[in-house]
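In what follows, a structure is listed as structure tokens, so that the remarks can point back to it.
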Amino acid sequence: MGEDTDTRKINHSFLRDHSYVTEADIISTVEFNHTGELLATGDKGGRVVIFQREPESKNAPHSQGEYDVYSTFQSHEPEFDYLKSLEIEEKINKIKWLPQQNAAHSLLSTNDKTIKLWKITERDKRPEGYNLKDEEGKLKDLSTVTSLQVPVLKPMDLMVEVSPRRIFANGHTYHINSISVNSDCETYMSADDLRINLWHLAVTDRSFNIVDIKPANMEDLTEVITASEFHPHHCNLFVYSSSKGSLRLCDMRAAALCDKHSKLFEEPEDPSSRSFFSEIISSVSDVKFSHSGRYMLTRDYLTVKVWDLNMEARPIETYQVHDYLRSKLCSLYENDCIFDKFECAWNGSDSVIMTGAYNNFFRMFDRNSKRDVTLEASRESSKPRAVLKPRRVCMGGKRRRDDISVDSLDFTKKILHTAWHPAENIIAIAATNNLYIFQDKVNSDMH
């Protein structure tokens, strides 16, 4: 986030007709790859859309390329579990890119039950001049072959091919809420409400259960796992968050089953502020390690918190996302909005954090200057080179001209999924069925 937030400009936005929103079009996850060249989105219809950044133009070498659709494919289909009489949705819960090993790209996508590994490759040449086949690929009559020729590769229009490499199924009884690729580039983990499994990327028929919080008697169940992530540098460390607001850091070197955590991060509750909603709003909906690996970022219903791995007693920073909703918790409980799961994101240098809110607002907090801003992802701001103006929500009393009252917020327009480019000030915002990509033209590089 630059010094002058008003000069934040749009790079591009991808909009579908808002008057006609089908459930299948709602974006359910957004993820940049490790270079930021590709951006993947998953939706409730089981589709994955990959956007690619255009290379810098020769005419304007310093102008940043925009993101255009690179490939679209159907990742998951609706299924039915006949044993349990349950319908398994095709909705993509999470997408994670694998570090690139060669010219091809690979990503993991998951719905509630099945994780799939996809390979994305490009073809811009085709072989011609076969001896035994004709141009249509049919076998020639051998009696007509009088001379031998060397097949050659001829240029063709670029074709992006997406193929399923592996399917990791039958690993989870409950709904998968997160997947995370390990820094060893060989394993990844998947977490559901009660268990976390460790998979090898080459082995589909078995996984190792590394966390199991399922009690012997389900009536004794007090909390569920809400999110989990591997440490970016230490392949033996991972963290998982719970619906009680706690974080558990586990070390796989200590035991095969990590039921006993190495560290427990939990903020003591203030008894004076306890209410019926306390446990619901303290549930952690997302946890992200910083790029440096020193900090963790968590999101609960009303706040984002930064934790230091060396200090378990309390977070080192707490930022209020929409404190004006504290008085509205009763109505938010009645319309189920209180159970919305907002994600959070670090910028590339870990100096700014971002998370979504209601009314298509999203929030940014600068950790160094302690300044924060509320911005809006809307059709009005989606015109090329439009400037994003800071928005303000007021509780009552005197209102400025552009202020919006807390009573007129639209709770159906929510930004749950956000992603930040790993090296530049480019952000991707999923607002219902629209993807917005914003770029800070003034401060394009991290500081």
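Residue numbers start at 1 in each chain; chains themselves are named A, B, ... in the order of the structure tokens; ligands are numbered from 1 in the order shown.
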Which residues of segment 277-350 of chain A have any atom within 7 Å of an atom in segment 249-267 of chain A when counting only C-alpha atoms, and what is the closest pair of atoms for each, with the distance in Å to one decimal? Order the rows by chain and rising number and write it as a tab-separated table.
```
residue	atom	partner	partner_atom	distance
A:Glu312	CA	A:Phe265	CA	4.4
A:Ala313	CA	A:Glu266	CA	6.2
A:Arg314	CA	A:Glu267	CA	4.8
```
Step one, run DSSP on the backbone; step two, keep only residues of segment 114-231 of chain A assigned to strand (DSSP E); then write them as a VMD selection string.
-> chain A and resid 115 to 128 152 to 168 178 to 181 187 to 191 195 to 200 208 to 212 225 to 230
Just the selected residues (C-alpha atoms), exported as a CSV table (one decimal), in the first residue's frame, please.
```csv
chain,number,residue,atom,x,y,z
A,115,ILE,CA,-8.3,-33.5,-4.6
A,116,LYS,CA,-7.0,-33.4,-8.2
A,117,LEU,CA,-3.6,-32.6,-9.6
A,118,TRP,CA,-3.7,-30.8,-13.0
A,119,LYS,CA,-0.9,-30.2,-15.5
A,120,ILE,CA,-1.1,-27.2,-17.8
A,121,THR,CA,1.0,-27.3,-20.9
A,122,GLU,CA,1.4,-25.2,-24.1
A,123,ARG,CA,1.7,-26.5,-27.7
A,124,ASP,CA,2.7,-24.2,-30.5
A,125,LYS,CA,4.2,-26.7,-32.9
A,126,ARG,CA,2.9,-29.8,-34.6
A,127,PRO,CA,4.7,-32.6,-36.3
A,128,GLU,CA,4.2,-33.0,-40.1
A,152,VAL,CA,9.4,-31.8,-39.2
A,153,LEU,CA,7.8,-29.6,-36.5
A,154,LYS,CA,5.7,-26.8,-38.0
A,155,PRO,CA,4.4,-23.7,-36.1
A,156,MET,CA,0.7,-23.7,-35.2
A,157,ASP,CA,-1.6,-21.5,-33.1
A,158,LEU,CA,-0.9,-21.7,-29.4
A,159,MET,CA,-2.9,-24.4,-27.7
A,160,VAL,CA,-3.2,-24.7,-23.9
A,161,GLU,CA,-3.8,-28.3,-22.8
A,162,VAL,CA,-5.0,-29.1,-19.3
A,163,SER,CA,-4.8,-32.8,-18.2
A,164,PRO,CA,-5.6,-34.5,-14.9
A,165,ARG,CA,-2.4,-36.2,-13.6
A,166,ARG,CA,-3.6,-37.7,-10.4
A,167,ILE,CA,-6.8,-38.0,-8.3
A,168,PHE,CA,-6.5,-38.2,-4.5
A,178,SER,CA,-7.8,-26.4,3.1
A,179,ILE,CA,-4.9,-27.8,1.2
A,180,SER,CA,-1.3,-26.7,1.5
A,181,VAL,CA,1.8,-27.7,-0.5
A,187,THR,CA,4.2,-33.6,-0.1
A,188,TYR,CA,1.0,-31.7,0.7
A,189,MET,CA,-1.6,-31.8,3.3
A,190,SER,CA,-5.4,-31.6,3.3
A,191,ALA,CA,-7.6,-30.7,6.3
A,195,ARG,CA,-8.5,-34.5,10.6
A,196,ILE,CA,-5.5,-33.4,8.7
A,197,ASN,CA,-3.9,-35.8,6.2
A,198,LEU,CA,-0.4,-35.8,4.6
A,199,TRP,CA,-0.1,-36.9,1.0
A,200,HIS,CA,2.8,-37.6,-1.3
A,208,PHE,CA,-1.0,-40.4,6.5
A,209,ASN,CA,-3.2,-39.0,9.2
A,210,ILE,CA,-1.2,-36.4,11.1
A,211,VAL,CA,-3.9,-34.7,13.2
A,212,ASP,CA,-7.1,-36.3,14.5
A,225,ILE,CA,-10.4,-27.4,12.4
A,226,THR,CA,-11.1,-24.4,10.2
A,227,ALA,CA,-7.8,-23.9,8.2
A,228,SER,CA,-4.3,-25.2,8.0
A,229,GLU,CA,-1.0,-24.3,6.3
A,230,PHE,CA,2.6,-25.5,6.0
```
What lies within 8 Å of segment 39-49 of chain A using only C-alpha atoms, ignoring chain neighbours under 5 positions off, as a VMD selection string?
-> chain A and resid 23 to 33 69 to 77 90 to 95 111
Written selection (C-alpha atoms) as an mmCIF file, in the first residue's frame:
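Result written to selection.cif:
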```cif
data_model
loop_
_atom_site.group_PDB
_atom_site.id
_atom_site.type_symbol
_atom_site.label_atom_id
_atom_site.label_comp_id
_atom_site.auth_asym_id
_atom_site.auth_seq_id
_atom_site.Cartn_x
_atom_site.Cartn_y
_atom_site.Cartn_z
ATOM 1 C CA GLU A 23 -25.006 -20.070 -8.132
ATOM 2 C CA ALA A 24 -22.457 -21.894 -10.309
ATOM 3 C CA ASP A 25 -20.784 -18.611 -11.347
ATOM 4 C CA ILE A 26 -19.936 -17.511 -7.794
ATOM 5 C CA ILE A 27 -16.145 -17.476 -7.329
ATOM 6 C CA SER A 28 -15.072 -19.633 -4.381
ATOM 7 C CA THR A 29 -11.264 -19.324 -4.416
ATOM 8 C CA VAL A 30 -8.504 -17.118 -5.915
ATOM 9 C CA GLU A 31 -4.783 -17.958 -6.077
ATOM 10 C CA PHE A 32 -1.682 -16.461 -7.749
ATOM 11 C CA ASN A 33 1.114 -18.824 -8.751
ATOM 12 C CA VAL A 69 -8.050 -15.624 -19.847
ATOM 13 C CA TYR A 70 -5.451 -18.323 -20.481
ATOM 14 C CA SER A 71 -7.439 -21.522 -19.959
ATOM 15 C CA THR A 72 -10.775 -22.718 -18.581
ATOM 16 C CA PHE A 73 -11.568 -26.285 -17.593
ATOM 17 C CA GLN A 74 -14.065 -28.316 -15.592
ATOM 18 C CA SER A 75 -12.212 -29.557 -12.520
ATOM 19 C CA HIS A 76 -14.977 -31.288 -10.542
ATOM 20 C CA GLU A 77 -18.436 -32.653 -11.310
ATOM 21 C CA GLU A 90 -18.691 -29.675 -7.398
ATOM 22 C CA LYS A 91 -17.716 -26.332 -5.773
ATOM 23 C CA ILE A 92 -13.950 -25.697 -5.761
ATOM 24 C CA ASN A 93 -12.955 -25.059 -2.140
ATOM 25 C CA LYS A 94 -9.254 -24.355 -2.682
ATOM 26 C CA ILE A 95 -6.623 -24.119 -5.423
ATOM 27 C CA ASN A 111 -13.952 -29.856 -3.629
#
```
Closest of A:Arg274, A:Lys133, A:His34, A:His233 to Val145 of chain A - atom-to-atom distances counting only C-alpha atoms =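 Closest candidate: A:Lys133.
Among the candidate residues A:Tyr295, A:Phe362, A:Tyr324, A:Tyr319, the one lying nearest to Leu388 of chain A is A:Phe362, with distances computed using only C-alpha atoms.
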